[in-house]
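Trainee: structure-v7.tsv is reproduced below (TSV, C-alpha atoms).
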chain	number	residue	atom	x	y	z
A	158	MET	CA	9.57	0.49	-18.49
A	159	ARG	CA	12.83	1.58	-16.89
A	160	ILE	CA	14.98	-0.28	-14.38
A	161	PRO	CA	17.76	2.11	-13.29
A	162	VAL	CA	21.16	0.78	-12.31
A	163	ALA	CA	20.62	1.78	-8.67
A	164	ALA	CA	17.33	-0.16	-8.58
A	165	ALA	CA	19.03	-3.22	-10.13
A	166	VAL	CA	21.77	-3.13	-7.49
A	167	ILE	CA	19.18	-2.85	-4.72
A	168	LEU	CA	17.22	-5.81	-6.14
A	169	PHE	CA	20.32	-8.00	-6.28
A	170	LEU	CA	21.39	-7.02	-2.77
A	171	PHE	CA	17.87	-7.63	-1.47
A	172	SER	CA	17.76	-11.02	-3.21
A	173	PHE	CA	21.13	-12.12	-1.87
A	174	LEU	CA	20.48	-11.07	1.74
A	175	THR	CA	17.01	-12.63	1.73
A	176	ASP	CA	18.25	-15.92	0.30
A	177	PHE	CA	21.28	-15.98	2.58
A	178	TYR	CA	19.06	-15.57	5.64
A	179	ILE	CA	16.52	-18.19	4.58
A	180	HIS	CA	19.25	-20.67	3.59
A	181	ARG	CA	20.84	-20.28	7.02
A	182	ASP	CA	17.41	-20.75	8.61
A	183	ILE	CA	16.90	-23.97	6.66
A	184	CYS	CA	20.30	-25.19	7.80
A	185	ARG	CA	19.35	-24.57	11.43
A	186	ALA	CA	15.90	-26.11	11.11
A	187	SER	CA	16.87	-29.24	9.19
A	188	LYS	CA	20.04	-31.26	8.77
A	189	ARG	CA	18.82	-32.72	5.48
A	190	LYS	CA	21.13	-31.52	2.73
A	191	CYS	CA	18.45	-32.03	0.07
A	192	TRP	CA	16.35	-29.10	1.34
A	193	GLN	CA	19.40	-26.86	1.41
A	194	VAL	CA	20.35	-27.84	-2.14
A	195	VAL	CA	16.80	-27.40	-3.43
A	196	TYR	CA	16.58	-23.91	-1.96
A	197	LEU	CA	20.00	-22.94	-3.28
A	198	VAL	CA	19.15	-24.11	-6.81
A	199	SER	CA	15.79	-22.31	-6.77
A	200	SER	CA	17.51	-19.12	-5.60
A	201	VAL	CA	20.05	-19.29	-8.41
A	202	LEU	CA	17.21	-19.73	-10.92
A	203	CYS	CA	15.52	-16.62	-9.51
A	204	TRP	CA	18.74	-14.63	-9.82
A	205	MET	CA	19.08	-15.81	-13.43
A	206	LEU	CA	15.52	-14.64	-14.06
A	207	LEU	CA	16.38	-11.18	-12.74
A	208	ILE	CA	19.56	-11.07	-14.84
A	209	ALA	CA	17.53	-12.00	-17.92
A	210	VAL	CA	15.05	-9.21	-17.21
A	211	LEU	CA	17.83	-6.65	-16.83
A	212	CYS	CA	19.54	-7.78	-20.04
A	213	MET	CA	16.42	-7.66	-22.22
A	214	PRO	CA	15.92	-4.50	-24.33
A	215	ARG	CA	13.14	-2.32	-23.02
A	216	ARG	CA	13.23	0.98	-24.88
A	217	SER	CA	13.83	0.01	-28.52
A	218	GLU	CA	11.03	0.15	-31.09
A	219	ASP	CA	11.26	-3.58	-31.79
A	220	SER	CA	11.29	-4.74	-28.16
A	221	ASP	CA	8.25	-6.31	-26.54
A	222	ILE	CA	7.72	-5.01	-23.03
A	223	LEU	CA	5.29	-7.76	-22.00
A	224	PRO	CA	7.89	-10.53	-21.38
A	225	VAL	CA	9.94	-8.11	-19.27
A	226	MET	CA	6.86	-7.10	-17.30
A	227	TRP	CA	5.74	-10.67	-16.57
A	228	MET	CA	9.23	-11.95	-15.73
A	229	LEU	CA	9.90	-9.08	-13.36
A	230	TYR	CA	6.51	-9.53	-11.70
A	231	THR	CA	7.16	-13.25	-11.23
A	232	TYR	CA	10.45	-12.41	-9.54
A	233	LEU	CA	8.77	-9.86	-7.28
A	234	THR	CA	5.99	-12.24	-6.18
A	235	ILE	CA	8.60	-14.78	-5.11
A	236	TYR	CA	10.75	-12.33	-3.19
A	237	VAL	CA	7.89	-10.45	-1.55
A	238	ALA	CA	6.79	-13.84	-0.20
A	239	LYS	CA	10.34	-14.55	0.98
A	240	ALA	CA	10.52	-11.13	2.62
A	241	GLY	CA	7.30	-11.90	4.51
A	242	TYR	CA	8.92	-15.04	5.88
A	243	VAL	CA	12.13	-13.21	6.84
A	244	ILE	CA	10.23	-10.49	8.74
A	245	CYS	CA	8.24	-13.05	10.74
A	246	SER	CA	11.39	-15.06	11.47
A	247	LEU	CA	13.28	-11.99	12.67
A	248	ILE	CA	10.37	-11.05	14.96
A	249	GLY	CA	10.50	-14.56	16.43
A	250	ARG	CA	14.22	-14.28	17.12
A	251	LEU	CA	13.70	-10.88	18.72
A	252	LEU	CA	10.95	-12.24	20.97
A	253	LYS	CA	13.17	-15.11	22.02
A	254	ALA	CA	16.07	-12.80	22.80
A	255	VAL	CA	13.98	-10.30	24.75
A	256	GLY	CA	11.42	-12.50	26.45
A	257	LYS	CA	13.21	-15.82	26.51
A	258	TRP	CA	10.25	-17.42	24.72
A	259	THR	CA	11.84	-20.69	23.69
A	260	ASN	CA	9.20	-21.59	21.07
A	261	ALA	CA	9.21	-18.17	19.42
A	262	VAL	CA	11.59	-19.10	16.61
A	263	ARG	CA	9.74	-22.29	15.67
A	264	ILE	CA	6.34	-20.59	15.77
A	265	SER	CA	7.62	-17.60	13.81
A	266	ARG	CA	8.83	-19.94	11.07
A	267	ILE	CA	5.36	-21.42	10.74
A	268	VAL	CA	3.77	-17.97	10.77
A	269	GLY	CA	6.35	-16.82	8.22
A	270	ILE	CA	5.52	-19.67	5.86
A	271	VAL	CA	1.81	-18.86	6.13
A	272	ALA	CA	2.42	-15.12	5.66
A	273	GLY	CA	4.75	-15.64	2.70
A	274	THR	CA	2.28	-17.99	1.03
A	275	ALA	CA	-0.56	-15.50	1.59
A	276	LEU	CA	1.50	-12.68	0.07
A	277	PHE	CA	2.42	-14.80	-2.95
A	278	PHE	CA	-1.18	-15.77	-3.69
A	279	SER	CA	-2.46	-12.24	-3.00
A	280	MET	CA	-0.13	-10.87	-5.67
A	281	TRP	CA	-1.29	-13.46	-8.21
A	282	TRP	CA	-4.93	-12.90	-7.20
A	283	GLY	CA	-4.30	-9.34	-8.33
A	284	VAL	CA	-3.47	-10.77	-11.76
A	285	VAL	CA	-6.27	-13.29	-12.22
A	286	TYR	CA	-9.11	-11.38	-10.51
A	287	THR	CA	-8.56	-7.84	-9.20
A	288	ARG	CA	-7.30	-6.29	-12.44
A	289	ARG	CA	-10.37	-7.64	-14.27
A	290	HIS	CA	-12.98	-6.76	-11.62
A	291	ILE	CA	-14.47	-3.45	-12.82
A	292	GLU	CA	-15.86	-1.09	-10.19
A	293	VAL	CA	-18.20	1.84	-10.87
A	294	THR	CA	-17.85	4.83	-8.53
A	295	ALA	CA	-20.81	7.23	-8.42
A	296	LEU	CA	-20.19	10.93	-7.71
A	297	GLU	CA	-22.68	13.80	-7.60
A	298	ILE	CA	-21.45	17.37	-8.16
A	299	SER	CA	-23.82	20.15	-7.08
A	300	SER	CA	-23.18	23.81	-7.85
A	301	PRO	CA	-25.24	26.95	-8.54
A	302	GLN	CA	-22.95	27.41	-11.58
A	303	ILE	CA	-24.33	24.26	-13.19
A	304	PRO	CA	-27.21	25.39	-15.45
A	305	LYS	CA	-30.64	23.92	-14.75
A	306	PRO	CA	-30.79	22.11	-18.10
A	307	PHE	CA	-27.68	20.18	-17.00
A	308	SER	CA	-29.25	18.83	-13.79
A	309	GLY	CA	-28.90	15.07	-14.08
A	310	TYR	CA	-26.23	15.31	-16.81
A	311	ARG	CA	-24.16	12.10	-16.69
A	312	ILE	CA	-20.42	12.08	-17.39
A	313	VAL	CA	-18.41	8.86	-17.36
A	314	GLN	CA	-14.68	9.18	-16.73
A	315	ILE	CA	-12.16	6.47	-17.59
A	316	SER	CA	-8.40	6.78	-17.45
A	317	ASP	CA	-5.04	5.04	-17.91
A	318	LEU	CA	-6.03	2.14	-20.15
A	319	HIS	CA	-2.37	1.26	-20.94
A	320	LEU	CA	-3.57	-1.03	-23.71
A	321	GLY	CA	-0.10	-2.43	-24.39
A	322	THR	CA	-0.29	-4.41	-21.15
A	323	TRP	CA	-3.09	-6.52	-22.70
A	324	GLY	CA	-1.23	-7.31	-25.93
A	325	ASN	CA	-3.86	-8.56	-28.40
A	326	ASP	CA	-6.36	-9.67	-25.74
A	327	THR	CA	-9.43	-7.44	-26.13
A	328	ALA	CA	-11.70	-9.30	-23.65
A	329	PHE	CA	-11.24	-6.98	-20.67
A	330	VAL	CA	-11.48	-3.77	-22.70
A	331	SER	CA	-14.64	-5.10	-24.36
A	332	GLU	CA	-16.16	-5.74	-20.94
A	333	LEU	CA	-15.13	-2.23	-19.86
A	334	VAL	CA	-16.84	-0.73	-22.92
A	335	ASP	CA	-20.02	-2.70	-22.22
A	336	SER	CA	-20.01	-1.51	-18.60
A	337	ILE	CA	-19.65	2.12	-19.69
A	338	ASN	CA	-22.37	1.92	-22.31
A	339	SER	CA	-24.75	0.32	-19.80
A	340	LEU	CA	-24.57	3.55	-17.74
A	341	HIS	CA	-26.08	5.53	-20.66
A	342	PRO	CA	-23.75	8.53	-20.27
A	343	ASP	CA	-24.32	11.91	-21.87
A	344	LEU	CA	-20.57	12.38	-22.21
A	345	ILE	CA	-17.53	10.10	-21.86
A	346	VAL	CA	-14.13	11.56	-20.98
A	347	PHE	CA	-10.78	9.78	-21.08
A	348	THR	CA	-8.03	11.39	-19.01
A	349	GLY	CA	-4.88	10.05	-20.63
A	350	ASP	CA	-2.38	7.19	-20.97
A	351	ILE	CA	-3.99	5.03	-23.61
A	352	VAL	CA	-0.63	3.32	-24.34
A	353	ASN	CA	2.47	2.21	-22.49
A	354	ARG	CA	5.10	3.30	-25.00
A	355	GLN	CA	3.97	3.54	-28.63
A	356	THR	CA	0.89	3.89	-30.81
A	357	LYS	CA	0.93	0.40	-32.35
A	358	GLU	CA	-0.30	-0.95	-29.00
A	359	VAL	CA	-3.79	0.49	-29.67
A	360	PHE	CA	-4.46	-1.09	-33.07
A	361	PRO	CA	-5.95	-4.41	-31.78
A	362	PHE	CA	-8.51	-2.37	-29.82
A	363	GLU	CA	-9.84	-0.13	-32.59
A	364	LYS	CA	-13.10	-1.99	-33.15
A	365	THR	CA	-13.69	-2.42	-29.40
A	366	LEU	CA	-13.14	1.22	-28.44
A	367	SER	CA	-15.24	2.38	-31.39
A	368	ARG	CA	-18.25	0.90	-29.59
A	369	LEU	CA	-18.19	3.55	-26.83
A	370	LYS	CA	-21.41	5.54	-27.07
A	371	ALA	CA	-22.58	8.80	-25.47
A	372	SER	CA	-25.01	11.44	-26.71
A	373	ASP	CA	-22.29	14.12	-26.62
A	374	GLY	CA	-19.49	11.78	-27.67
A	375	VAL	CA	-16.11	10.94	-26.20
A	376	MET	CA	-13.53	13.60	-25.31
A	377	SER	CA	-9.95	12.68	-24.47
A	378	ILE	CA	-6.55	14.05	-23.51
A	379	LEU	CA	-3.00	12.71	-23.57
A	380	GLY	CA	-1.06	11.38	-20.59
A	381	ASN	CA	2.67	11.17	-20.01
A	382	HIS	CA	2.89	7.74	-21.69
A	383	ASP	CA	1.21	8.95	-24.88
A	384	TYR	CA	4.05	11.05	-26.32
A	385	GLY	CA	6.58	8.33	-27.15
A	386	ASP	CA	8.97	9.57	-24.48
A	387	TYR	CA	9.59	6.06	-23.11
A	388	MET	CA	11.16	4.83	-26.37
A	389	ASP	CA	14.53	5.17	-28.08
A	390	TRP	CA	13.49	5.98	-31.64
A	391	LYS	CA	15.74	4.80	-34.48
A	392	GLU	CA	15.06	7.61	-36.90
A	393	GLU	CA	14.56	11.33	-36.61
A	394	GLY	CA	10.89	12.13	-36.87
A	395	ALA	CA	9.75	8.65	-35.79
A	396	ARG	CA	8.41	9.97	-32.49
A	397	ASP	CA	6.43	12.70	-34.24
A	398	GLU	CA	4.98	10.13	-36.65
A	399	ASN	CA	4.06	7.91	-33.68
A	400	ASN	CA	2.19	10.81	-32.09
A	401	ARG	CA	0.45	11.68	-35.37
A	402	LEU	CA	-0.75	8.08	-35.66
A	403	LEU	CA	-2.16	8.18	-32.12
A	404	ALA	CA	-4.14	11.34	-32.90
A	405	ALA	CA	-5.39	9.77	-36.13
A	406	PHE	CA	-6.41	6.61	-34.27
A	407	GLN	CA	-8.48	8.57	-31.78
A	408	GLU	CA	-10.15	10.41	-34.62
A	409	ARG	CA	-10.99	7.11	-36.36
A	410	ILE	CA	-12.68	5.68	-33.27
A	411	GLY	CA	-14.70	8.86	-32.83
A	412	TRP	CA	-12.84	10.42	-29.90
A	413	ASP	CA	-12.39	14.19	-29.75
A	414	LEU	CA	-8.78	14.70	-28.64
A	415	LEU	CA	-8.36	18.01	-26.78
A	416	ASN	CA	-4.76	19.19	-27.07
A	417	ASN	CA	-4.89	22.46	-25.13
A	418	GLU	CA	-8.39	23.04	-26.48
A	419	ARG	CA	-11.90	23.61	-25.23
A	420	ARG	CA	-15.37	22.53	-26.26
A	421	PHE	CA	-18.87	23.74	-25.34
A	422	VAL	CA	-21.67	21.33	-24.50
A	423	VAL	CA	-25.06	22.96	-25.05
A	424	ARG	CA	-28.44	22.23	-23.50
A	425	ASP	CA	-31.32	24.56	-24.44
A	426	ASN	CA	-29.85	28.06	-24.16
A	427	ASP	CA	-27.15	27.14	-21.62
A	428	SER	CA	-23.74	25.51	-21.87
A	429	ILE	CA	-20.84	24.13	-19.90
A	430	MET	CA	-17.24	24.22	-21.02
A	431	ILE	CA	-14.90	21.20	-21.27
A	432	VAL	CA	-11.20	22.13	-21.39
A	433	GLY	CA	-8.50	19.57	-22.14
A	434	VAL	CA	-4.80	20.26	-21.58
A	435	GLU	CA	-1.87	18.18	-22.67
A	436	ASN	CA	0.12	16.56	-19.90
A	437	VAL	CA	1.35	18.87	-17.15
A	438	GLY	CA	3.76	16.76	-15.12
A	439	ASP	CA	5.61	17.02	-11.87
A	440	PRO	CA	9.27	15.87	-12.19
A	441	PRO	CA	10.39	13.60	-13.77
A	442	PHE	CA	7.30	13.64	-15.99
A	443	PRO	CA	7.46	16.10	-18.92
A	444	SER	CA	5.04	19.00	-19.33
A	445	TYR	CA	3.33	19.85	-22.59
A	446	GLY	CA	0.15	21.47	-21.33
A	447	ASP	CA	-0.74	25.11	-21.90
A	448	LEU	CA	-3.83	26.12	-19.98
A	449	GLU	CA	-3.48	29.76	-21.01
A	450	PHE	CA	-3.56	28.75	-24.67
A	451	ALA	CA	-6.58	26.49	-24.10
A	452	LEU	CA	-8.46	29.51	-22.71
A	453	SER	CA	-6.82	32.16	-24.89
A	454	SER	CA	-10.05	33.26	-26.54
A	455	SER	CA	-11.61	34.19	-23.20
A	456	LYS	CA	-13.15	37.63	-23.08
A	457	ASP	CA	-12.52	37.74	-19.33
A	458	SER	CA	-9.36	37.36	-17.27
A	459	LEU	CA	-6.59	34.93	-18.16
A	460	TYR	CA	-8.01	31.94	-16.32
A	461	HIS	CA	-11.70	32.87	-16.46
A	462	GLN	CA	-11.93	34.17	-12.91
A	463	ASN	CA	-14.83	36.40	-13.93
A	464	ASP	CA	-16.52	33.82	-16.13
A	465	ARG	CA	-19.34	32.20	-14.15
A	466	ARG	CA	-19.86	29.40	-16.65
A	467	PHE	CA	-19.34	25.95	-15.13
A	468	LYS	CA	-16.06	24.61	-16.51
A	469	ILE	CA	-14.60	21.11	-16.37
A	470	LEU	CA	-10.86	20.62	-16.83
A	471	LEU	CA	-9.34	17.37	-18.08
A	472	SER	CA	-5.74	17.24	-16.83
A	473	HIS	CA	-3.94	13.93	-16.59
A	474	ASN	CA	-1.72	14.53	-13.56
A	475	PRO	CA	-3.47	15.60	-10.29
A	476	ALA	CA	-0.33	17.50	-9.27
A	477	HIS	CA	-1.43	20.12	-11.82
A	478	TRP	CA	-4.60	20.73	-9.80
A	479	ASP	CA	-2.79	20.67	-6.46
A	480	GLU	CA	-0.02	23.06	-7.44
A	481	PHE	CA	-1.80	25.47	-9.75
A	482	VAL	CA	-5.39	24.88	-10.89
A	483	SER	CA	-6.90	24.82	-7.40
A	484	HIS	CA	-5.26	28.16	-6.54
A	485	GLU	CA	-5.23	30.24	-9.71
A	486	THR	CA	-8.40	29.17	-11.56
A	487	ASN	CA	-12.09	28.69	-10.91
A	488	PHE	CA	-12.68	25.40	-12.69
A	489	GLY	CA	-15.73	23.87	-11.06
A	490	LEU	CA	-14.37	20.37	-11.56
A	491	THR	CA	-11.05	18.89	-12.63
A	492	LEU	CA	-10.78	15.25	-13.70
A	493	SER	CA	-7.41	13.48	-13.49
A	494	GLY	CA	-5.85	10.02	-13.51
A	495	HIS	CA	-2.15	9.10	-13.63
A	496	THR	CA	-1.59	7.69	-10.13
A	497	HIS	CA	-3.25	4.23	-10.56
A	498	ALA	CA	-3.16	4.30	-6.73
A	499	MET	CA	0.16	2.61	-7.59
A	500	GLN	CA	-2.11	-0.39	-8.36
A	501	CYS	CA	-2.39	-1.12	-4.65
A	502	GLU	CA	-5.20	0.08	-2.40
A	503	ILE	CA	-6.44	-1.05	1.00
A	504	ASN	CA	-9.94	-0.03	2.07
A	505	LEU	CA	-11.06	-1.06	5.57
A	506	PHE	CA	-14.25	0.37	7.08
A	507	GLY	CA	-13.82	3.65	5.20
A	508	TRP	CA	-10.08	3.95	5.88
A	509	LYS	CA	-8.19	4.06	2.60
A	510	TRP	CA	-4.47	3.63	2.07
A	511	SER	CA	-2.22	3.38	-0.94
A	512	PRO	CA	1.54	3.74	-1.37
A	513	ALA	CA	0.63	6.47	-3.87
A	514	LYS	CA	-0.14	8.76	-0.91
A	515	TYR	CA	3.59	9.20	-0.33
A	516	ARG	CA	3.90	10.71	-3.81
A	517	TYR	CA	0.55	12.42	-4.36
A	518	GLU	CA	-1.69	14.00	-1.76
A	519	GLN	CA	-4.60	13.53	-4.16
A	520	TRP	CA	-3.94	9.94	-5.27
A	521	GLY	CA	-7.52	8.75	-5.74
A	522	GLY	CA	-11.09	9.89	-5.14
A	523	TYR	CA	-12.76	13.25	-4.54
A	524	PHE	CA	-11.14	16.43	-3.21
A	525	GLU	CA	-12.38	19.97	-2.70
A	526	ARG	CA	-10.82	23.24	-1.57
A	527	ILE	CA	-11.38	26.99	-1.78
A	528	ASN	CA	-9.23	28.80	-4.34
A	529	ASP	CA	-7.38	32.08	-3.83
A	530	GLN	CA	-10.49	34.01	-4.86
A	531	GLY	CA	-12.69	32.24	-2.30
A	532	GLN	CA	-14.43	29.98	-4.82
A	533	PRO	CA	-14.94	26.21	-4.43
A	534	VAL	CA	-12.86	24.05	-6.77
A	535	ARG	CA	-13.12	20.27	-7.01
A	536	LEU	CA	-10.99	17.37	-8.20
A	537	TYR	CA	-11.70	13.73	-8.90
A	538	VAL	CA	-8.79	11.32	-9.43
A	539	ASN	CA	-9.73	8.13	-11.23
A	540	ILE	CA	-7.30	5.31	-10.35
A	541	GLY	CA	-7.40	3.97	-13.88
A	542	ALA	CA	-8.51	0.82	-15.64
A	543	GLY	CA	-5.17	-0.54	-16.82
A	544	GLU	CA	-1.73	-1.35	-15.52
A	545	VAL	CA	1.84	-0.40	-16.25
A	546	GLY	CA	5.02	-1.74	-14.68
A	547	MET	CA	3.31	-4.73	-13.13
A	548	PRO	CA	0.35	-6.57	-14.73
A	549	SER	CA	-1.59	-6.66	-11.50
A	550	ARG	CA	-3.84	-4.66	-9.17
A	551	LEU	CA	-3.64	-5.48	-5.48
A	552	PHE	CA	-6.37	-5.68	-2.85
A	553	ARG	CA	-9.03	-2.99	-3.57
A	554	ALA	CA	-7.33	-1.21	-6.49
A	555	TYR	CA	-10.03	-2.31	-8.93
A	556	PRO	CA	-10.21	-0.89	-12.47
A	557	GLU	CA	-12.41	2.17	-12.10
A	558	ILE	CA	-15.25	3.72	-14.03
A	559	THR	CA	-16.42	7.02	-12.53
A	560	LEU	CA	-20.03	8.06	-13.09
A	561	ILE	CA	-20.39	11.79	-12.40
A	562	THR	CA	-23.85	13.35	-12.19
A	563	LEU	CA	-24.10	17.14	-12.39
A	564	MET	CA	-26.85	18.84	-10.38
A	565	HIS	CA	-28.00	22.46	-10.34
A	566	GLU	CA	-27.98	23.84	-6.81
A	567	GLY	CA	-30.22	26.68	-5.64
A	568	GLY	CA	-32.92	28.69	-7.35
Output the file's structure as structure tokens, nothing else.
Mentor:
Amino acid sequence: MRIPVAAAVILFLFSFLTDFYIHRDICRASKRKCWQVVYLVSSVLCWMLLIAVLCMPRRSEDSDILPVMWMLYTYLTIYVAKAGYVICSLIGRLLKAVGKWTNAVRISRIVGIVAGTALFFSMWWGVVYTRRHIEVTALEISSPQIPKPFSGYRIVQISDLHLGTWGNDTAFVSELVDSINSLHPDLIVFTGDIVNRQTKEVFPFEKTLSRLKASDGVMSILGNHDYGDYMDWKEEGARDENNRLLAAFQERIGWDLLNNERRFVVRDNDSIMIVGVENVGDPPFPSYGDLEFALSSSKDSLYHQNDRRFKILLSHNPAHWDEFVSHETNFGLTLSGHTHAMQCEINLFGWKWSPAKYRYEQWGGYFERINDQGQPVRLYVNIGAGEVGMPSRLFRAYPEITLITLMHEGG
């Protein structure tokens, strides 16, 4: 979890200007000094909280990221609420100045208090309810490339568990496992980011994750958080040992980790191919994936353009599909995660919005386009089941399980 100097300066400036405005507003609205003093003291305490967050170690092996995460989120819930009040108050002053509406300022203060309170409780509702409310999304993929024996084949995708955010609390992950198993999948795929920073975060969940069951097992890939790149390691080789332990953990719980590898799933005399690449990231996320190597034993062209077998690609970052896979390959389906929908999604009457859209065109859900060879290629972005940065999911950004059913199309 990184808080750059520029971001820290912006937070302090935002805090000061917000508190200065509200303090002045209190002075205008009430002559009682007690309210002014109470607000000033509470503001100083909030600033001290932010200073404490910035001073706490975040990248060392011995540091615990959870206190930093919760303290910073507490600060944000308070100041988002304050910002809601300030916006409403400024609108009231503008209405008074433009329209000479004498009651605008007083009414805007009341509206601002209501809006700020609603924002505060919405953010904490995301902690106590939304991030624990699991949602199953059903998706059917039809293609003539899907062999007839695979009609009705059920794949469950999960992504971005970020187990470190839960500490030692296994209750949610246990419920997630039960929900997955109740779908009776043929195959389970995990599309990366099992940890926040280091492998030791997964150890409390070994028994729980071992309960995942599918007839063709569990296949997984690594995400950008799974390489130990968000830590300052004390000793040379510590990062490599961390990564070795993560691979060993996945083997112990029965997951098949695909590091630039492929597997065949067979039904009768037909098969589909599952290809897993290591993380391919858009800046500033590092890239480790090698799709050419994963398909290096192909008897056809480099990226299987002449291979009519239905192929599924597991690639953590959807930018990989957008920038390369959807143009240069003929993967029938790519499964990604990574975005979390920035843990904030609004869904009203079919209209969906997330701040993630300003970073990723494919931030969540199903996408399809025609590749450079005129073939249909598809992507599904799972918005994840865990959290990183803030221990909350807002509005409709529920933890997601994707149930994908393959169907043969045509004769």
Trainee: Quick one: everything within 9 Å of region 394-396 of chain A, counting all atoms listed in the file, minus sequence neighbours fewer than 6 positions away in the same chain. Send it as a ChimeraX atom specification.
Mentor: /A:355,384-386,388
Trainee: Provide the CA of Gly567 (chain A) to CA of Ser300 (chain A) distance in Å, to one decimal place.
Mentor: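 Taking CA of Gly567 (chain A) and CA of Ser300 (chain A), their separation equals 7.9 Å.
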Trainee: Which residue out of A:Leu490, A:Ile561, A:Val225, A:Cys501 has the minimum interatomic distance to Val534 (chain A) when only C-alpha atoms are used?
Mentor: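 Nearest candidate to Val534 (chain A) out of A:Leu490, A:Ile561, A:Val225, A:Cys501: A:Leu490.
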Trainee: May I have the residues within 12 Å of region 256-266 of chain A as a VMD selection string, using all atoms listed in the file and disregarding those fewer than 2 positions away in the same chain?
Mentor: chain A and resid 179 182 to 183 185 to 187 239 241 to 254 268 to 273
Trainee: Work out how far CA of Ser472 (chain A) is from CA of Gln532 (chain A), in Å to one decimal.
Mentor: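 So the two atoms, CA of Gln532 (chain A) and CA of Ser472 (chain A), lie 19.5 Å apart.
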Trainee: Show me the residues close to (-3.0, -6.1, -11.2) - anything with an atom within 6 Å, counting all atoms listed in the file - and format the list as a PyMOL selection string.
Mentor: chain A and resi 283-284+288+548-551
Trainee: At a cut-off of 9 Å, using all atoms listed in the file, what residues contact Ile558 (chain A)? Leave out same-chain residues fewer than 5 positions from it and give the result as JSON, numbers by chain.
Mentor: {"A": [291, 292, 293, 294, 295, 313, 314, 315, 316, 333, 336, 337, 539, 540, 541, 542]}
Trainee: Enter the distance from CA of Met228 (chain A) to CA of Leu168 (chain A), in Å, rounded to one decimal.
Mentor: 13.9 Å
Trainee: Skipping near chain neighbours, those fewer than 4 positions away, what residues fall within 7 Å of Ile378 (chain A) using all atoms listed in the file, listed as a list in words?
Mentor: Phe347, Thr348, Gly349, Leu414, Leu415, Asn416, Gly433, Val434, Glu435 and Leu471 of chain A
Trainee: For a quick check of understanding, using only C-alpha atoms, which of A:Ala554, A:Ala165, A:Ile222, A:Leu470 has the smallest distance to Trp510 (chain A)?
Mentor: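 Smallest separation from Trp510 (chain A) among the options: A:Ala554.
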Trainee: Could you name the residues that touch Asp383 (chain A) at 8 Å or less, counting all atoms listed in the file, but leaving out those on the same chain fewer than 5 positions away, as a PyMOL selection string?
Mentor: chain A and resi 349-356+400
Trainee: Could you please give me, as an MDAnalysis selection string, the residues of protein, DNA or RNA lying at most 10 Å from (-0.9, -12.3, -7.6) in the coordinate frame of the file, considering only C-alpha atoms?
Mentor: chainID A and resid 230:231 233:234 275:287 548:552
Trainee: Closest to Asp413 (chain A) among A:Asn325, A:Gln530, A:Ser372, A:Ser377, using all atoms listed in the file?
Mentor: A:Ser377
Trainee: So which one's closest to Gln302 (chain A), A:Val359, A:Val166, A:Ile429, A:Leu536? Using only C-alpha atoms, please.
Mentor: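 Counting only C-alpha atoms, the residue closest to Gln302 (chain A) is A:Ile429.
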Trainee: Between A:Glu297, A:Glu502, A:Asp447, A:Glu485, single out the one closest to Gly531 (chain A), counting all atoms listed in the file.
Mentor: A:Glu485
Trainee: Which residue gives the smallest distance to Gly494 (chain A) among A:Met205, A:Val330, A:Leu197, A:Val437, with only C-alpha atoms counted?
Mentor: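 Comparing A:Met205, A:Val330, A:Leu197, A:Val437 against Gly494 (chain A), the winner is A:Val437.
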